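Below is one structure, written out as structure tokens, with a few remarks after it.
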Amino acid sequence: MANIAALRIQREFKEVIRSEEVAKCAIKVELVNDSFTELKGEIAGPPDTPYEGGNFVLEIKVPETYPFNPPKVRFITKIWHPNISSVTGAICLDILKDQWAAAMTLRTVLLSLQALLSAAEPDDPQDAVVARQYKEHPEMFRQTAKHWTYVYAGGPAKMPDLDDKIRRLTDMGIEEHNARVALSSYNWDLERATEQLFS
Amino acid sequence: MTTEEYDTEMDYSDSDCGDPGYEDYYNVHPWDGEGDNDIDNDQSRRDPEYAVYDCLRIEEVERLLNEDVESLSNSLHITPSLAKVLLHAHNWALQDIIAKYRTNASSLFINSKIKPLPPLDSLSGLKSQRSGLCSVCVAIQSAEKFSTLTCGHSFCKDCWCMHFEVQISQGISTGISCMAQDCNVLAPEDFVLSLLTKPNMRERYQQFAFCDYVKSHPQLRFCPGPNCQMIMRSKEQRAKRVMCSSCKTCDLIRNCNNFSFRCGIDYHAPTDCNTMKKWLTKCADDSETANYISAHTKDCPKCHICIEKNGGCNHMQCYNCKYDFCWMCLGDWKAHGSEYYVCSRYKENPNIAHESVLAQAREALKKYLHYYERWENHSKSLKLEEQTLEAIKMQINKKVMNYSGTWIDWQHLFAAASLLTRCRYTLQYTYPYAYYMEPGPRKELFEYQQAQLEAEIEDLSWKIEHAETTNRGDLENQMDIAEKRRVTLLKDFLEV
């Protein structure tokens with residue numbers, strides 16, 4: 001069985017490298033080891049989204065039973081998105097679970113993830129806090145996602161007022177990432193974030 | 001040891017004669033005196049627990065299912081394995097399927113996942129067949145190495161076989177679908193078996209498929225006894241007592257409105273299935289497993305299978321019945337567009353009135369222990385009755401040897417012992433019922449009747465133990481009183 005998995009991955013690897021999306025720098029795959037069981041994926045944040053300009057790294061683990069079982073994929077780059085855990089990077093996407101079909105490829109997975117970044121499904125959330133913000137404060141969500149893209153994925157948009165609020169918390173001895181998570185979760189309400197961090 | 005020998009002997013005689021009705025007549029079952037199936041109407045009026053049922057062997061059930069399959073495949077002119085897919089998808093409602101076929105055959109086939117949704121989605125599979133490339137293993141193969149379902153997606157036979165093996169090893173059989181993206185056409189049995197080569201895989205596939213068929217059949221259920229292969233059949237819609245003739249496990253069948261729900265734990269009148277499940281989990285609460293189960297798993301709200309959430313989002317899909325639900329509130333996922341956040345908010349409130357919680361917990365524990373002790377006590381007594389039965393046997397032998405009456409003169413003691421067991425059994429299961437009852441006049445009535453039953457049972461138990469000094473008339477009178485109390489309680493409180 002492992003034989004088919006390795007053969008398939010080798011083949012798909014070439015397919016991704018040759019594909020036109022690579023030419024547009026939209027998706028990329030790299031080998032992590034020689035046995036084709038672990039790969040590193042990269043997707044570019046799609047245009048006209050808060051993720052634009054960011055580069056998101058994925059961990060791809062290929063099971064022995066691939067392609068009859070789906071690959072295990074999660075975000076290594078921290079991201080603010082309703083269907084992706086802001087803590088672990090776990091992804092809620094049907095094709096990575098029960099809707100997987102053996103005829104799908106790494107390329108279709110990466111493109112589906114890119115599509116997920118442009119069209120979140122807040123009714124099927126992985127991260128309930130993010131999803132709530134997405135629905136109740138869409139503008140706040142856009143700002144936060146953009147900010148995270150800037151900080152973690154090398155995005156272009158710097159946001160001095162948000163950085164400022166984070167600095168207020170780091171001055172109090174809070175670790176920067178924890179400060180960012182608390183502020184993001186409380187719609188950048190400094191008072192409530194502080195309260196939560198010190199309770 | 002003696003009880004064990006006794007049991008194996010019974011099993012042996014069971015496997016000897018095929019007809020369960022026949023063997024019931026001769027074997028002394030602890031409480032199966034009224035097992036005759038002919039006079040059901042009259043019986044069900046007199047005995048609230050009475051149900052008509054059959055105990056079937058796997059081969060008998062296979063024959064039963066095959067009759068349905070054959071009649072459907074004959075009347076619709078389709079292959080038996082397509083008929084199986086249809087029957088499984090429609091819970092074996094034969095007439096229903098035929099009616100649907102007459103009104104709209106193609107929509108029936110599409111809904112049952114036999115044919116693909118029109119229009120035929122991407123022809124990539126067909127294309128790949130022409131070029132000889134299987135898109136799963138990316139190897140170039142000759143045309144005769146390819147196989148396809150009705151959807152036209154073509155893959156090489158080795159890949160199909162591997163796909164089936166992976167699915168079967170995950171316990172999936174009737175639910176195996178096409179390998180193409182966004183295609184949900186199911187692989188019927190003949191297709192799977194024509195490509196599956198390993199004999200042990202074929203065997204497992206057939207076993208799993210048979211299990212699925214039995215589970216989807218509203219009139220059938222597996223005997224829950226350990227390693228027991230029997231299958232019960234009953235048309236009964238309510239919670240009733242059935243008993244496996246092979247392993248003597250008492251069981252309960254309950255079908256609720258549309259979907260069939262059978263709890264499969266030991267018979268437990270007058271307590272209903274849900275209450276019983278709560279009670280048993282509660283009793284097992286001390287063990288680490290139970291703690292883990294309650295902390296990490298929930299029951300599927302539709303089919304009640306136990307589900308462990310090991311990551312992922314709150315949108316759950318039951319592996320068993322494919323029901324989509326929310327992990328937080330266990331509600332239908334479809335209604336979850338806007339209501340989701342109500343579910344996640346619930347977690348924030350648990351430390352209200354922290355002070356009185358402790359006192360409440362202590363009070364609750366006291367109440368629980370009261371019922372649990374009685375429940376446990378009767379459960380132990382029941383086990384002791386088995387010894388009593390042995391003792392009675394010895395006693396009778398002794399008496400016959402000493403010429404004090406003939407063997408037949410003492411048989412009434414057996415009847416008395418079996419009745420005692422039955423009464424005690426019911427009494428044991430009244431405690432969970434009482435524990436979950438709301439306080440009020442109904443509970444008072446219940447506990448009054450419960451106390452009456454208990455008093456009569458203790459009296460009966462005493463009289464059996466002192467059979468030498470009790471005369472037969474007295475004993476039979478007491479038997480009658482105890483049984484009447486039991487039936488009255490069941491009639492009043494068995495809400496089925």
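Ordered as shown in the structure tokens, chains take letters A, B, and onward, while each chain numbers its residues from 1 and ligands are numbered from 1 in the order shown.
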(message) Residues of chain A within 6 Å of chain B, counting only C-alpha atoms - could you list those as a list in words?
(response)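 Going by the stated atoms only, the list reads Phe68, Ala101, Ala102, Ala103, Asp123 and Gln126 of chain A.
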(request) Would you kindly return, as a list in words, each protein, DNA or RNA residue with an atom no farther than 7 Å from any atom of Ser234 (chain B), considering only C-alpha atoms and excluding same-chain residues fewer than 4 positions away? (result)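 That gives Val52, Tyr53, Asp54, Gln219 and Leu220 of chain B.
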(request) Might you pull out every residue within 12 Å of region 15-28 of chain A, with only C-alpha atoms counted and same-chain residues fewer than 6 positions away left off, and present them as a VMD selection string? (result) (chain A and resid 8 to 9 39 to 47 52 to 58 60 105 to 115) or (chain B and resid 138)
(request) Excluding Glu458 (chain B) and any residue of its chain fewer than 4 positions from it, enumerate the residues within 10 Å of it, using only C-alpha atoms, and give them as a count of residues only. (result) 8
(request) Report the distance between CA of Lys491 (chain B) and CA of Leu280 (chain B) in Å, rounded to one decimal place. (result) 23.8 Å
(message) List as a ChimeraX atom specification the protein and nucleic acid residues near Asn200 (chain B), meaning an atom at most 12 Å away when only C-alpha atoms are counted, but skip any in the same chain fewer than 6 places from it.
(response) /B:165,168-169,193,206-207
Output the selection as an mmCIF file, in the first residue's frame - N, CA and C atoms for each residue.
```cif
data_model
loop_
_atom_site.group_PDB
_atom_site.id
_atom_site.type_symbol
_atom_site.label_atom_id
_atom_site.label_comp_id
_atom_site.auth_asym_id
_atom_site.auth_seq_id
_atom_site.Cartn_x
_atom_site.Cartn_y
_atom_site.Cartn_z
ATOM 1 N N GLU B 165 -10.762 -2.424 0.376
ATOM 2 C CA GLU B 165 -10.083 -2.971 1.556
ATOM 3 C C GLU B 165 -9.929 -1.920 2.655
ATOM 4 N N ILE B 168 -13.398 -1.305 4.157
ATOM 5 C CA ILE B 168 -13.844 -2.438 4.977
ATOM 6 C C ILE B 168 -13.081 -2.451 6.302
ATOM 7 N N SER B 169 -11.775 -2.139 6.233
ATOM 8 C CA SER B 169 -11.004 -2.152 7.479
ATOM 9 C C SER B 169 -11.457 -1.038 8.415
ATOM 10 N N LEU B 193 -17.817 -7.502 -4.627
ATOM 11 C CA LEU B 193 -17.333 -8.888 -4.530
ATOM 12 C C LEU B 193 -16.625 -9.341 -5.794
ATOM 13 N N GLN B 206 -18.960 -9.278 3.827
ATOM 14 C CA GLN B 206 -20.290 -9.884 3.930
ATOM 15 C C GLN B 206 -20.837 -9.821 5.355
ATOM 16 N N GLN B 207 -19.934 -9.988 6.323
ATOM 17 C CA GLN B 207 -20.374 -9.880 7.717
ATOM 18 C C GLN B 207 -20.875 -8.469 8.032
#
```
(request) Extract, using only C-alpha atoms, all DNA, RNA and protein residues at most 8 Å from region 84-97 of chain A, discarding same-chain residues fewer than 2 positions from it, and format them as a ChimeraX atom specification. (result) /A:70-82,99-101,109,124-127 /B:312-313
(message) Please extract the residues of region 47-136 of chain A with a backbone DSSP assignment of alpha helix (DSSP H) and present them as a VMD selection string.
(response) chain A and resid 106 to 118 128 to 136
(request) Work out how far apart CA of Cys300 (chain B) and CA of Ala83 (chain B) are and give it in Å to one decimal. (result)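 So the two atoms, CA of Cys300 (chain B) and CA of Ala83 (chain B), lie 28.6 Å apart.
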